[in-house]
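Structure file model-v1.cif (mmCIF, C-alpha atoms and all ligand atoms) follows.
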data_coords
#
loop_
_atom_site.label_atom_id
_atom_site.label_comp_id
_atom_site.auth_asym_id
_atom_site.auth_seq_id
_atom_site.Cartn_x
_atom_site.Cartn_y
_atom_site.Cartn_z
CA MET K 144 -47.77 205.69 177.07
CA SER K 145 -48.60 207.00 173.63
CA ASN K 146 -47.99 204.83 170.56
CA ASN K 147 -48.75 205.11 166.86
CA LYS K 148 -51.66 202.69 166.91
CA ILE K 149 -55.03 203.92 165.69
CA LYS K 150 -57.34 204.45 168.64
CA LEU K 151 -60.45 202.44 167.95
CA GLY K 152 -63.88 202.71 169.54
CA PHE K 153 -66.60 200.07 169.41
CA VAL K 154 -70.33 200.57 169.12
CA GLY K 155 -72.01 197.20 169.61
CA GLY K 156 -69.94 194.04 169.43
CA GLY K 157 -70.38 193.31 173.14
CA ASN K 158 -70.14 189.89 174.71
CA ASP K 159 -73.84 189.46 173.88
CA SER K 160 -73.24 189.77 170.12
CA LEU K 161 -72.43 187.43 167.28
CA ILE K 162 -69.98 189.51 165.29
CA GLY K 163 -68.09 191.35 168.07
CA VAL K 164 -65.41 188.71 168.56
CA LEU K 165 -64.48 188.80 164.88
CA HIS K 166 -63.85 192.54 164.99
CA LYS K 167 -62.00 192.40 168.32
CA VAL K 168 -59.54 189.83 166.99
CA ALA K 169 -59.24 191.35 163.50
CA ALA K 170 -58.56 194.84 164.85
CA VAL K 171 -55.52 193.77 166.85
CA MET K 172 -54.21 191.16 164.40
CA PHE K 173 -51.60 193.36 162.73
CA ASP K 174 -50.83 195.65 165.69
CA GLN K 175 -52.42 198.62 163.92
CA TYR K 176 -55.20 199.46 166.39
CA GLU K 177 -55.71 199.82 170.08
CA ILE K 178 -59.28 199.37 171.35
CA VAL K 179 -59.76 202.19 173.84
CA GLY K 180 -63.48 202.51 174.53
CA GLY K 181 -67.03 202.56 173.25
CA VAL K 182 -70.59 201.47 173.87
CA PHE K 183 -70.32 197.73 173.51
CA SER K 184 -73.92 196.84 174.23
CA SER K 185 -77.40 198.27 174.78
CA ASN K 186 -77.34 196.30 178.03
CA GLN K 187 -75.27 198.39 180.47
CA ASP K 188 -74.02 195.38 182.47
CA ILE K 189 -72.74 193.73 179.30
CA ASN K 190 -71.37 197.05 178.07
CA LYS K 191 -69.25 197.31 181.19
CA SER K 192 -68.28 193.64 181.49
CA THR K 193 -67.09 193.58 177.85
CA ALA K 194 -64.90 196.61 178.57
CA ILE K 195 -63.54 194.99 181.73
CA ASP K 196 -62.68 191.82 179.78
CA LEU K 197 -60.77 194.02 177.33
CA GLY K 198 -58.94 195.71 180.21
CA LEU K 199 -60.20 199.18 179.28
CA ASP K 200 -60.28 202.37 181.29
CA LEU K 201 -63.98 202.54 182.25
CA SER K 202 -64.05 206.32 181.86
CA ARG K 203 -63.97 205.61 178.11
CA VAL K 204 -67.07 203.42 178.23
CA TYR K 205 -70.25 205.32 177.49
CA ASN K 206 -73.97 204.90 178.07
CA ASN K 207 -74.87 205.63 174.46
CA TYR K 208 -73.31 206.60 171.14
CA GLU K 209 -74.38 210.25 171.29
CA GLU K 210 -72.50 210.67 174.58
CA MET K 211 -69.51 208.83 173.14
CA ALA K 212 -69.33 211.10 170.06
CA GLU K 213 -69.63 214.24 172.17
CA VAL K 214 -67.10 213.35 174.88
CA GLU K 215 -64.55 211.73 172.57
CA SER K 216 -64.53 214.62 170.11
CA GLY K 217 -63.64 216.94 172.98
CA LEU K 218 -60.56 214.94 174.04
CA ASP K 219 -57.05 215.91 172.97
CA ALA K 220 -55.71 214.52 169.71
CA ASN K 221 -53.29 212.07 171.37
CA THR K 222 -56.02 210.52 173.47
CA LYS K 223 -59.23 210.52 171.53
CA ILE K 224 -60.75 207.73 169.48
CA GLU K 225 -59.87 208.12 165.77
CA ALA K 226 -61.95 205.38 164.21
CA VAL K 227 -65.22 203.78 165.26
CA CYS K 228 -66.52 200.36 164.30
CA ILE K 229 -70.31 200.04 164.19
CA LEU K 230 -71.54 196.53 164.90
CA THR K 231 -75.16 197.03 165.92
CA PRO K 232 -78.42 195.91 164.26
CA ASN K 233 -78.98 197.49 160.85
CA PHE K 234 -81.31 200.42 161.66
CA LEU K 235 -78.67 201.96 163.93
CA HIS K 236 -75.87 202.03 161.33
CA PHE K 237 -77.07 205.28 159.73
CA PRO K 238 -77.59 207.51 162.78
CA MET K 239 -74.41 206.19 164.37
CA ALA K 240 -72.21 206.52 161.27
CA LYS K 241 -73.64 209.98 160.63
CA ILE K 242 -72.83 211.39 164.05
CA PHE K 243 -69.33 209.91 164.08
CA LEU K 244 -68.53 211.18 160.57
CA GLN K 245 -69.86 214.62 161.43
CA ASN K 246 -67.53 214.68 164.42
CA GLY K 247 -64.48 213.69 162.36
CA PHE K 248 -64.13 209.96 163.12
CA HIS K 249 -63.22 207.36 160.50
CA VAL K 250 -65.88 204.63 160.32
CA ILE K 251 -65.77 200.86 159.89
CA CYS K 252 -69.40 199.79 159.53
CA GLU K 253 -71.04 196.39 159.35
CA LYS K 254 -73.23 195.61 156.36
CA PRO K 255 -75.83 196.47 155.25
CA LEU K 256 -74.64 200.07 155.32
CA SER K 257 -78.10 201.41 156.30
CA ILE K 258 -81.75 200.60 155.89
CA SER K 259 -82.31 202.70 152.75
CA LEU K 260 -80.41 203.89 149.70
CA LYS K 261 -81.24 207.47 150.67
CA GLU K 262 -79.46 207.06 154.00
CA ALA K 263 -76.50 205.38 152.29
CA LEU K 264 -76.12 208.25 149.82
CA GLU K 265 -76.28 210.78 152.64
CA LEU K 266 -73.47 208.97 154.47
CA LYS K 267 -71.39 208.95 151.29
CA GLU K 268 -71.85 212.70 150.91
CA ILE K 269 -70.79 213.40 154.50
CA LYS K 270 -67.83 211.03 154.23
CA GLN K 271 -66.64 212.81 151.09
CA SER K 272 -67.09 216.28 152.52
CA LYS K 273 -65.12 215.32 155.64
CA ASN K 274 -62.44 213.38 153.70
CA LEU K 275 -62.57 210.44 156.11
CA VAL K 276 -62.03 206.71 155.58
CA PHE K 277 -65.19 204.59 155.52
CA ALA K 278 -65.19 200.80 155.24
CA VAL K 279 -68.16 198.44 154.99
CA THR K 280 -67.14 195.05 156.31
CA HIS K 281 -67.96 192.58 153.59
CA THR K 282 -65.70 190.17 155.44
CA TYR K 283 -65.24 187.59 152.72
CA THR K 284 -63.51 190.04 150.39
CA GLY K 285 -60.44 189.76 152.65
CA TYR K 286 -59.71 186.14 151.77
CA PRO K 287 -56.43 185.65 149.82
CA MET K 288 -58.03 183.34 147.23
CA ILE K 289 -60.77 185.89 146.52
CA ARG K 290 -58.04 188.45 145.89
CA GLN K 291 -56.38 185.95 143.55
CA MET K 292 -59.65 185.16 141.76
CA THR K 293 -60.22 188.89 141.21
CA ARG K 294 -56.73 189.28 139.77
CA MET K 295 -57.02 186.27 137.45
CA ILE K 296 -60.32 187.53 136.03
CA SER K 297 -58.92 191.05 135.57
CA GLU K 298 -55.96 189.57 133.68
CA ASN K 299 -58.37 187.82 131.31
CA ILE K 300 -57.03 184.38 132.24
CA ILE K 301 -60.49 182.85 131.91
CA GLY K 302 -61.36 185.00 128.88
CA ASP K 303 -64.63 186.85 128.44
CA ILE K 304 -67.10 186.32 131.26
CA GLN K 305 -70.09 184.48 129.85
CA ARG K 306 -72.01 183.24 132.92
CA VAL K 307 -71.92 184.08 136.67
CA ASP K 308 -73.42 182.46 139.75
CA SER K 309 -73.16 183.77 143.30
CA THR K 310 -74.99 181.99 146.11
CA TYR K 311 -75.22 182.32 149.87
CA PHE K 312 -77.17 179.46 151.45
CA GLN K 313 -77.85 179.19 155.19
CA GLY K 314 -80.42 177.19 157.14
CA TRP K 315 -80.43 178.81 160.59
CA ILE K 316 -83.81 180.53 160.30
CA ASN K 317 -85.50 177.16 159.89
CA ASP K 318 -85.53 176.82 163.69
CA ILE K 319 -87.35 180.14 163.99
CA ILE K 320 -89.51 180.59 160.94
CA HIS K 321 -91.96 177.74 161.59
CA ASP K 322 -92.76 178.98 165.11
CA LYS K 323 -95.12 182.00 165.16
CA ASP K 324 -93.78 183.39 168.46
CA LYS K 325 -90.16 183.00 167.48
CA ARG K 326 -90.58 184.49 164.02
CA SER K 327 -92.26 187.57 165.45
CA SER K 328 -89.51 188.16 168.02
CA THR K 329 -86.20 187.90 166.11
CA TRP K 330 -84.78 191.32 165.12
CA ARG K 331 -83.80 190.05 161.71
CA LEU K 332 -87.49 189.68 160.77
CA ASN K 333 -88.53 193.00 162.30
CA PRO K 334 -88.63 195.74 159.59
CA ASP K 335 -88.06 198.47 162.21
CA VAL K 336 -84.70 196.95 163.08
CA SER K 337 -83.64 195.04 159.97
CA GLY K 338 -85.01 197.37 157.28
CA ILE K 339 -86.99 196.29 154.21
CA SER K 340 -85.27 192.91 153.91
CA SER K 341 -83.93 190.05 155.99
CA CYS K 342 -82.16 187.59 153.71
CA LEU K 343 -81.16 190.03 150.97
CA ALA K 344 -79.82 192.53 153.49
CA ASP K 345 -78.05 189.98 155.64
CA ILE K 346 -76.43 187.66 153.12
CA GLY K 347 -77.70 188.53 149.63
CA THR K 348 -75.59 191.68 149.83
CA HIS K 349 -72.48 189.56 150.41
CA ALA K 350 -73.24 187.49 147.30
CA PHE K 351 -73.91 190.65 145.28
CA ASN K 352 -70.80 192.43 146.54
CA MET K 353 -68.63 189.40 145.86
CA LEU K 354 -69.93 189.10 142.30
CA GLU K 355 -69.15 192.72 141.43
CA LEU K 356 -65.75 192.50 143.13
CA VAL K 357 -64.41 189.38 141.45
CA CYS K 358 -65.83 190.25 138.04
CA GLY K 359 -64.53 193.83 138.23
CA MET K 360 -67.82 194.71 136.64
CA LYS K 361 -71.15 196.07 137.79
CA VAL K 362 -74.49 194.28 137.83
CA LYS K 363 -76.61 196.29 135.41
CA LYS K 364 -80.10 194.83 135.82
CA ILE K 365 -81.85 192.48 138.21
CA LEU K 366 -85.12 190.58 138.41
CA ALA K 367 -85.95 189.28 141.87
CA ASP K 368 -88.28 186.66 143.31
CA LEU K 369 -88.58 186.90 147.11
CA ASN K 370 -90.11 184.38 149.47
CA ASN K 371 -91.37 185.20 152.98
CA LEU K 372 -92.76 181.67 153.51
CA TYR K 373 -95.53 182.81 155.91
CA ASP K 374 -98.07 185.59 155.30
CA ASP K 375 -97.46 187.08 158.76
CA ASN K 376 -93.69 187.24 158.16
CA PRO K 377 -92.99 190.72 156.71
CA LEU K 378 -89.50 190.07 155.33
CA ASP K 379 -87.82 187.84 152.76
CA ILE K 380 -85.95 184.77 153.95
CA ASP K 381 -85.26 183.21 150.57
CA VAL K 382 -84.31 185.02 147.37
CA SER K 383 -83.63 184.22 143.74
CA VAL K 384 -82.31 187.00 141.49
CA LEU K 385 -81.58 186.91 137.77
CA VAL K 386 -78.79 189.29 136.81
CA ARG K 387 -77.41 190.96 133.72
CA MET K 388 -73.84 192.14 134.05
CA GLU K 389 -72.43 195.27 132.40
CA ASN K 390 -71.00 193.21 129.55
CA GLY K 391 -74.44 191.70 128.88
CA CYS K 392 -73.63 188.31 130.38
CA LYS K 393 -76.36 186.53 132.32
CA GLY K 394 -76.31 184.91 135.72
CA THR K 395 -77.87 184.45 139.14
CA ILE K 396 -77.59 185.63 142.72
CA ARG K 397 -79.38 183.32 145.13
CA SER K 398 -79.51 183.61 148.89
CA THR K 399 -81.59 181.75 151.43
CA GLN K 400 -81.88 181.21 155.16
CA ILE K 401 -84.07 178.10 154.80
CA ALA K 402 -81.58 175.76 153.14
CA THR K 403 -82.07 173.29 155.99
CA GLY K 404 -78.83 172.20 157.58
CA LEU K 405 -76.60 174.51 155.57
CA GLU K 406 -74.27 176.87 157.42
CA ASN K 407 -72.37 179.59 155.55
CA ASN K 408 -72.34 178.36 151.98
CA LEU K 409 -71.22 181.44 150.12
CA ASN K 410 -70.08 180.12 146.76
CA ILE K 411 -69.08 182.03 143.67
CA SER K 412 -68.43 180.76 140.17
CA VAL K 413 -67.42 182.79 137.14
CA TYR K 414 -67.43 181.04 133.79
CA GLY K 415 -65.29 182.55 131.03
CA SER K 416 -64.75 181.73 127.37
CA LYS K 417 -61.34 180.13 128.16
CA GLY K 418 -61.84 178.79 131.68
CA SER K 419 -63.79 179.03 134.93
CA LEU K 420 -63.05 179.88 138.55
CA SER K 421 -64.99 178.73 141.60
CA TRP K 422 -64.58 179.45 145.31
CA GLU K 423 -66.44 178.27 148.43
CA GLN K 424 -66.37 180.19 151.71
CA GLU K 425 -66.41 177.04 153.81
CA ASN K 426 -63.18 175.91 152.12
CA PRO K 427 -61.66 179.34 151.56
CA ASN K 428 -58.09 178.24 150.91
CA TYR K 429 -58.93 176.50 147.63
CA LEU K 430 -59.59 178.27 144.35
CA TYR K 431 -60.73 175.94 141.58
CA TYR K 432 -59.55 176.71 138.07
CA HIS K 433 -61.24 174.69 135.34
CA THR K 434 -60.30 174.59 131.65
CA SER K 435 -61.64 172.41 128.87
CA ASN K 436 -58.64 170.26 128.06
CA LYS K 437 -56.54 170.14 131.21
CA PRO K 438 -57.10 168.56 134.62
CA LEU K 439 -58.64 170.74 137.34
CA GLN K 440 -56.11 173.06 139.03
CA VAL K 441 -56.52 173.94 142.71
CA LEU K 442 -54.74 177.16 143.70
CA LYS K 443 -53.85 177.78 147.35
CA PRO K 444 -52.69 180.78 149.40
CA GLY K 445 -49.08 181.65 150.16
CA HIS K 446 -47.57 180.45 146.86
CA LEU K 447 -45.67 182.84 144.62
CA TYR K 448 -48.07 182.30 141.72
CA ASN K 449 -50.60 184.41 143.68
CA SER K 450 -51.01 188.17 143.22
CA ASP K 451 -49.18 190.61 145.52
CA LEU K 452 -52.46 191.51 147.23
CA SER K 453 -53.28 187.85 147.80
CA LEU K 454 -49.80 187.24 149.27
CA ASP K 455 -50.15 190.38 151.38
CA GLY K 456 -53.22 188.78 152.94
CA THR K 457 -51.43 185.54 153.88
CA LYS K 458 -49.52 185.62 157.16
CA LEU K 459 -48.14 182.10 157.45
CA PRO K 460 -46.26 179.76 155.11
CA ALA K 461 -48.46 177.80 152.67
CA GLY K 462 -50.38 174.93 154.21
CA HIS K 463 -51.32 176.66 157.46
CA PRO K 464 -55.05 177.22 157.04
CA GLU K 465 -56.19 180.80 157.61
CA GLY K 466 -59.86 181.71 157.87
CA ILE K 467 -62.50 184.30 158.54
CA PHE K 468 -60.63 186.05 161.36
CA ASP K 469 -57.69 186.53 159.00
CA ALA K 470 -59.97 187.80 156.21
CA MET K 471 -61.40 190.46 158.53
CA GLY K 472 -57.87 191.19 159.80
CA ASN K 473 -56.81 191.92 156.22
CA ILE K 474 -59.68 194.38 155.86
CA TYR K 475 -58.73 196.14 159.11
CA ARG K 476 -55.12 196.38 157.94
CA GLY K 477 -56.20 197.92 154.62
CA VAL K 478 -58.29 200.47 156.51
CA ALA K 479 -55.33 201.26 158.79
CA ARG K 480 -53.12 201.94 155.76
CA ALA K 481 -55.76 204.29 154.35
CA ILE K 482 -56.15 206.12 157.68
CA LYS K 483 -52.38 206.47 158.00
CA ASP K 484 -52.21 207.63 154.39
CA GLU K 485 -49.90 204.75 153.52
CA LYS K 486 -49.86 203.08 150.13
CA ASN K 487 -52.94 200.89 149.82
CA GLU K 488 -54.37 199.09 146.82
CA ILE K 489 -57.92 199.18 145.54
CA GLY K 490 -59.54 196.02 146.89
CA GLU K 491 -57.87 196.03 150.30
CA PHE K 492 -61.19 196.87 151.92
CA PRO K 493 -64.76 197.45 150.77
CA THR K 494 -65.55 201.15 150.72
CA ILE K 495 -68.71 203.18 151.15
CA ASP K 496 -69.31 202.84 147.40
CA GLU K 497 -69.81 199.11 147.88
CA GLY K 498 -72.14 199.87 150.79
CA VAL K 499 -74.21 202.17 148.58
CA ARG K 500 -74.36 199.57 145.80
CA GLY K 501 -75.54 196.98 148.33
CA MET K 502 -78.39 199.23 149.44
CA GLU K 503 -79.43 199.85 145.85
CA PHE K 504 -79.39 196.10 145.22
CA ILE K 505 -81.69 195.50 148.22
CA GLU K 506 -84.13 198.27 147.32
CA LYS K 507 -84.36 197.38 143.63
CA ALA K 508 -84.76 193.67 144.38
CA VAL K 509 -87.63 194.37 146.79
CA GLU K 510 -89.20 196.69 144.20
CA SER K 511 -88.77 194.15 141.41
CA ASN K 512 -90.54 191.52 143.50
CA LYS K 513 -93.33 193.88 144.59
CA ASN K 514 -94.09 194.90 141.02
CA GLY K 515 -94.51 191.37 139.71
CA ASN K 516 -90.86 190.33 139.23
CA ILE K 517 -89.86 192.98 136.74
CA TRP K 518 -86.39 193.97 135.53
CA MET K 519 -84.85 196.89 137.44
CA GLU K 520 -81.75 198.90 136.43
CA LEU K 521 -79.06 199.58 139.04
CA ASP K 522 -77.55 203.00 138.51
CA SER K 523 -75.75 204.16 141.68
N1 LIG S 601 -69.78 190.83 158.04
C1 LIG S 601 -70.45 189.74 158.35
O1 LIG S 601 -70.18 188.68 157.82
C2 LIG S 601 -71.55 189.79 159.38
C3 LIG S 601 -71.92 188.65 160.09
C4 LIG S 601 -72.90 188.77 161.08
C5 LIG S 601 -73.51 189.99 161.32
N2 LIG S 601 -73.15 191.08 160.58
C6 LIG S 601 -73.78 192.39 160.81
O2 LIG S 601 -73.35 192.89 162.06
C7 LIG S 601 -74.40 193.62 162.68
C8 LIG S 601 -74.64 193.04 164.07
O3 LIG S 601 -75.03 191.70 163.92
P1 LIG S 601 -74.91 190.65 165.13
O4 LIG S 601 -75.32 189.36 164.51
O5 LIG S 601 -73.62 190.77 165.83
O6 LIG S 601 -76.11 191.18 166.04
P2 LIG S 601 -76.35 190.80 167.56
O7 LIG S 601 -77.81 191.04 167.79
O8 LIG S 601 -75.76 189.49 167.88
O9 LIG S 601 -75.49 191.91 168.35
C9 LIG S 601 -75.82 193.28 168.29
C10 LIG S 601 -74.93 194.03 169.28
O10 LIG S 601 -75.25 195.42 169.22
C11 LIG S 601 -75.49 195.87 170.57
N3 LIG S 601 -76.39 197.03 170.51
C12 LIG S 601 -77.70 197.07 170.17
N4 LIG S 601 -78.15 198.34 170.27
C13 LIG S 601 -77.09 199.11 170.67
C14 LIG S 601 -76.93 200.49 170.95
N5 LIG S 601 -77.94 201.34 170.83
N6 LIG S 601 -75.71 200.91 171.35
C15 LIG S 601 -74.68 200.05 171.49
N7 LIG S 601 -74.77 198.73 171.24
C16 LIG S 601 -75.97 198.27 170.83
C17 LIG S 601 -76.10 194.66 171.26
O11 LIG S 601 -76.09 194.81 172.67
C18 LIG S 601 -75.14 193.60 170.74
O12 LIG S 601 -73.88 193.66 171.42
C19 LIG S 601 -75.62 193.51 161.76
O13 LIG S 601 -75.76 194.68 161.00
C20 LIG S 601 -75.30 192.33 160.87
O14 LIG S 601 -75.88 192.44 159.58
C21 LIG S 601 -72.18 190.99 159.65
#
Here is a file; write its structure as structure tokens.
Ligand SMILES: NC(=O)c1ccc[n+]([C@@H]2O[C@H](COP(=O)([O-])OP(=O)(O)OC[C@H]3O[C@@H](n4cnc5c(N)ncnc54)[C@H](O)[C@@H]3O)[C@@H](O)[C@H]2O)c1
Amino acid sequence: MSNNKIKLGFVGGGNDSLIGVLHKVAAVMFDQYEIVGGVFSSNQDINKSTAIDLGLDLSRVYNNYEEMAEVESGLDANTKIEAVCILTPNFLHFPMAKIFLQNGFHVICEKPLSISLKEALELKEIKQSKNLVFAVTHTYTGYPMIRQMTRMISENIIGDIQRVDSTYFQGWINDIIHDKDKRSSTWRLNPDVSGISSCLADIGTHAFNMLELVCGMKVKKILADLNNLYDDNPLDIDVSVLVRMENGCKGTIRSTQIATGLENNLNISVYGSKGSLSWEQENPNYLYYHTSNKPLQVLKPGHLYNSDLSLDGTKLPAGHPEGIFDAMGNIYRGVARAIKDEKNEIGEFPTIDEGVRGMEFIEKAVESNKNGNIWMELDS
């Protein structure tokens, strides 16, 4: 039976993946999408078993993405996949997104958008020429208190921004990096699969994206210091970046995968002339608002003092904790509104522009480090 749900195809995200479950849940959260097929894994057994678990018609499960693009674009409009989510390792994002855009599919792509700025700009050009929707899933932007933080800064509640600090600290690579065999076999440290960066591309881009989003302002210049820890490890696993924002204010972006014992500590603080706001991903339902002469205020989701967009991203009455699945669900809902040409606000989902900025950040940071930690301008 036909319905008005957007027909969604998956590439990657099989039962062998980390991020697949997040997209599967997020896509169906607001009854906007129906998962109808895809290539869920490079392993054909897992590809098929993932589809069986989802209860899919196996004729819509393909051996590879080229076959999927070709067959699906030939199906009738009521049947065929309309949007594709790309959840594979980084080097595949570009060829996959390119073929699906060229064949008229909307794309929801994991970050980093590609493995070079050149590829990212090419995708942007194709997306524009085809007039399709393209989202890059910087998941954390979907949290209600990030939406509220963005609004409060845009309304000048904390005054002029005078210092920023965005960090993403993890420790998981510690178990791998000190073992020569392990460090040479993980895809995240393989430049052919990961691109020119590990830590910057994987989590530094989240910290960068978050900073530009909440400040409503671009990062103008960066100076990066990258750490690979071992000479035989080709990619960064620990990064410190000095930043200058558009308004001249100074700050830092720091990301690391060797903060032993830490999990997903994405923290952002923006210090203004009248007050400061801080948010921590591991406690996402609290937004800390500091001023000089009043006690600390802790803002929470679901209350009427929040912005419309923040309230739009809260499903349950205040006090019922929502988390990362809900944040990704909010992004999927924003994308659905854009695909259906319904009213949607800027900030409902990260677009290809954010993906392009992320790639420029990675490339310029690597260049800055390579040339002796010099200042680099970002101009995309
Ligand atoms: N938004 C976030 O917060 C977040 C978090 C984790 C990962 N990611 C991103 O998601 C992507 C995937 O990361 P992951 O950790 O899930 O990786 P993973 O290695 O756990 O899973 C990769 C998946 O892609 C499949 N795959 C590989 N080659 C394929 C091909 N040619 N065709 C179809 N499927 C193929 C694998 O079988 C697997 O299912 C990466 O780009 C990563 O940066 C984003």
Closest of K:Gly347, K:Gly456, K:Gly314, K:Gly302 to ligand LIG 601 (chain S) - atom-to-atom distances counting all atoms listed in the file: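 Nearest to ligand LIG 601 (chain S): K:Gly347.
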Can I get the residues of chain K within 7 Å of ligand LIG 601 (chain S), each with the closest pair of atoms and their distance in Å to one decimal, using all atoms listed in the file, sorted chain first then ascending number, as a tab-separated table?
residue	atom	partner	partner_atom	distance
K:Val154	CA	S:LIG601	C15	5.0
K:Gly155	CA	S:LIG601	N7	3.6
K:Gly156	CA	S:LIG601	O12	4.4
K:Gly157	CA	S:LIG601	O12	3.9
K:Asn158	CA	S:LIG601	O12	6.2
K:Asp159	CA	S:LIG601	O12	4.9
K:Ser160	CA	S:LIG601	O8	3.4
K:Leu161	CA	S:LIG601	O5	3.8
K:Ile162	CA	S:LIG601	O5	3.9
K:Gly163	CA	S:LIG601	O5	6.0
K:Val182	CA	S:LIG601	C15	4.9
K:Phe183	CA	S:LIG601	N7	5.1
K:Ser184	CA	S:LIG601	O11	3.4
K:Ser185	CA	S:LIG601	C16	4.2
K:Asn186	CA	S:LIG601	O11	5.7
K:Asn207	CA	S:LIG601	N6	5.7
K:Tyr208	CA	S:LIG601	N6	6.2
K:Leu230	CA	S:LIG601	C7	4.6
K:Thr231	CA	S:LIG601	O10	3.7
K:Pro232	CA	S:LIG601	O13	4.4
K:Asn233	CA	S:LIG601	O13	4.3
K:Leu235	CA	S:LIG601	N5	7.0
K:Glu253	CA	S:LIG601	O2	5.0
K:Lys254	CA	S:LIG601	O14	5.2
K:Pro255	CA	S:LIG601	O14	5.9
K:Thr280	CA	S:LIG601	N1	5.3
K:His281	CA	S:LIG601	N1	5.1
K:Thr282	CA	S:LIG601	N1	4.9
K:Asp345	CA	S:LIG601	O14	5.1
task: Kindly indicate which residue among K:Leu218, K:Thr348, K:Asn376, K:Asn514 lies nearest to Asp324 (chain K), using only C-alpha atoms for the distances.
output: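 Under the stated criterion, the closest residue is K:Asn376.
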task: Find the residues near Ser412 (chain K): any atom within 9 Å, counting only C-alpha atoms, skip ones fewer than 3 places away on the same chain, and give them as a ChimeraX atom specification.
output: /K:306-310,354,419-423
field: Sel. within 7 Å of pt (-66.7, 182.2, 129.8), counting all atoms listed in the file, output as a PyMOL selection string
entry: chain K and resi 301-306+414-419
With 4 Å on each side, where is the centre of the axis-aligned box around all listed atoms of region 390-405 of chain K, and how long are its edges in Å to one decimal, as AutoDock Vina command-line options?
--center_x -77.5 --center_y 182.7 --center_z 143.2 --size_x 21.1 --size_y 29.0 --size_z 36.7
Close residues, Ala461 (chain K) itself excluded, 7 Å, only C-alpha atoms, min 4 positions apart in chain, as a compact mmCIF listing (two decimals) with C-alpha atoms, in the frame of the given file:
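Result saved to result09.txt:
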# COMPACT_ATOMS: atom_id res chain seq x y z
CA PRO K 444 -52.69 180.78 149.40
CA GLY K 445 -49.08 181.65 150.16
CA HIS K 446 -47.57 180.45 146.86
message: If we count all atoms listed in the file and set the cut-off at 12 Å, which residues sit around Leu264 (chain K), ignoring sequence neighbours fewer than 2 positions away in its own chain? Please answer as a list in words.
response: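 Neighbouring residues, sequence-local ones excluded: Phe237, Lys241, Leu256, Ser257, Ile258, Ser259, Leu260, Lys261, Glu262, Leu266, Lys267, Glu268, Ile269, Lys270, Gln271, Ile495, Asp496, Glu497, Gly498, Val499, Arg500, Gly501, Met502, Glu503 and Ser523 of chain K.
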task: Quick one: everything within 9 Å of Glu520 (chain K), counting all atoms listed in the file, minus sequence neighbours fewer than 6 positions away in the same chain. Send it as JSON, numbers by chain.
output: {"K": [362, 363, 364, 365, 507]}
- request: Just give me the gap between CA of His236 (chain K) and CA of Leu332 (chain K) in Å, one decimal is fine.
  value: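 Between CA of His236 (chain K) and CA of Leu332 (chain K) the gap is 17.0 Å.
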- prompt: CA of Gly466 (chain K) and CA of Arg290 (chain K) are how many Å apart?
  reply: 13.9 Å
- prompt: CA of Ile149 (chain K) and CA of Leu452 (chain K), how far apart in Å?
  reply: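 Separation between CA of Leu452 (chain K) and CA of Ile149 (chain K): 22.4 Å.
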Selection near Thr395 (chain K), 6 Å with all atoms listed in the file, sequence-local residues under 3 positions removed, as a ChimeraX atom specification: /K:308,384-386
query: Please, which residues are within 10 Å of (-87.5, 185.1, 160.8) by the file's coordinates, counting only C-alpha atoms, and could they come as number ranges by chain?
result: K: 315-323, 325-333, 341-342, 371-373, 376-380, 400-401
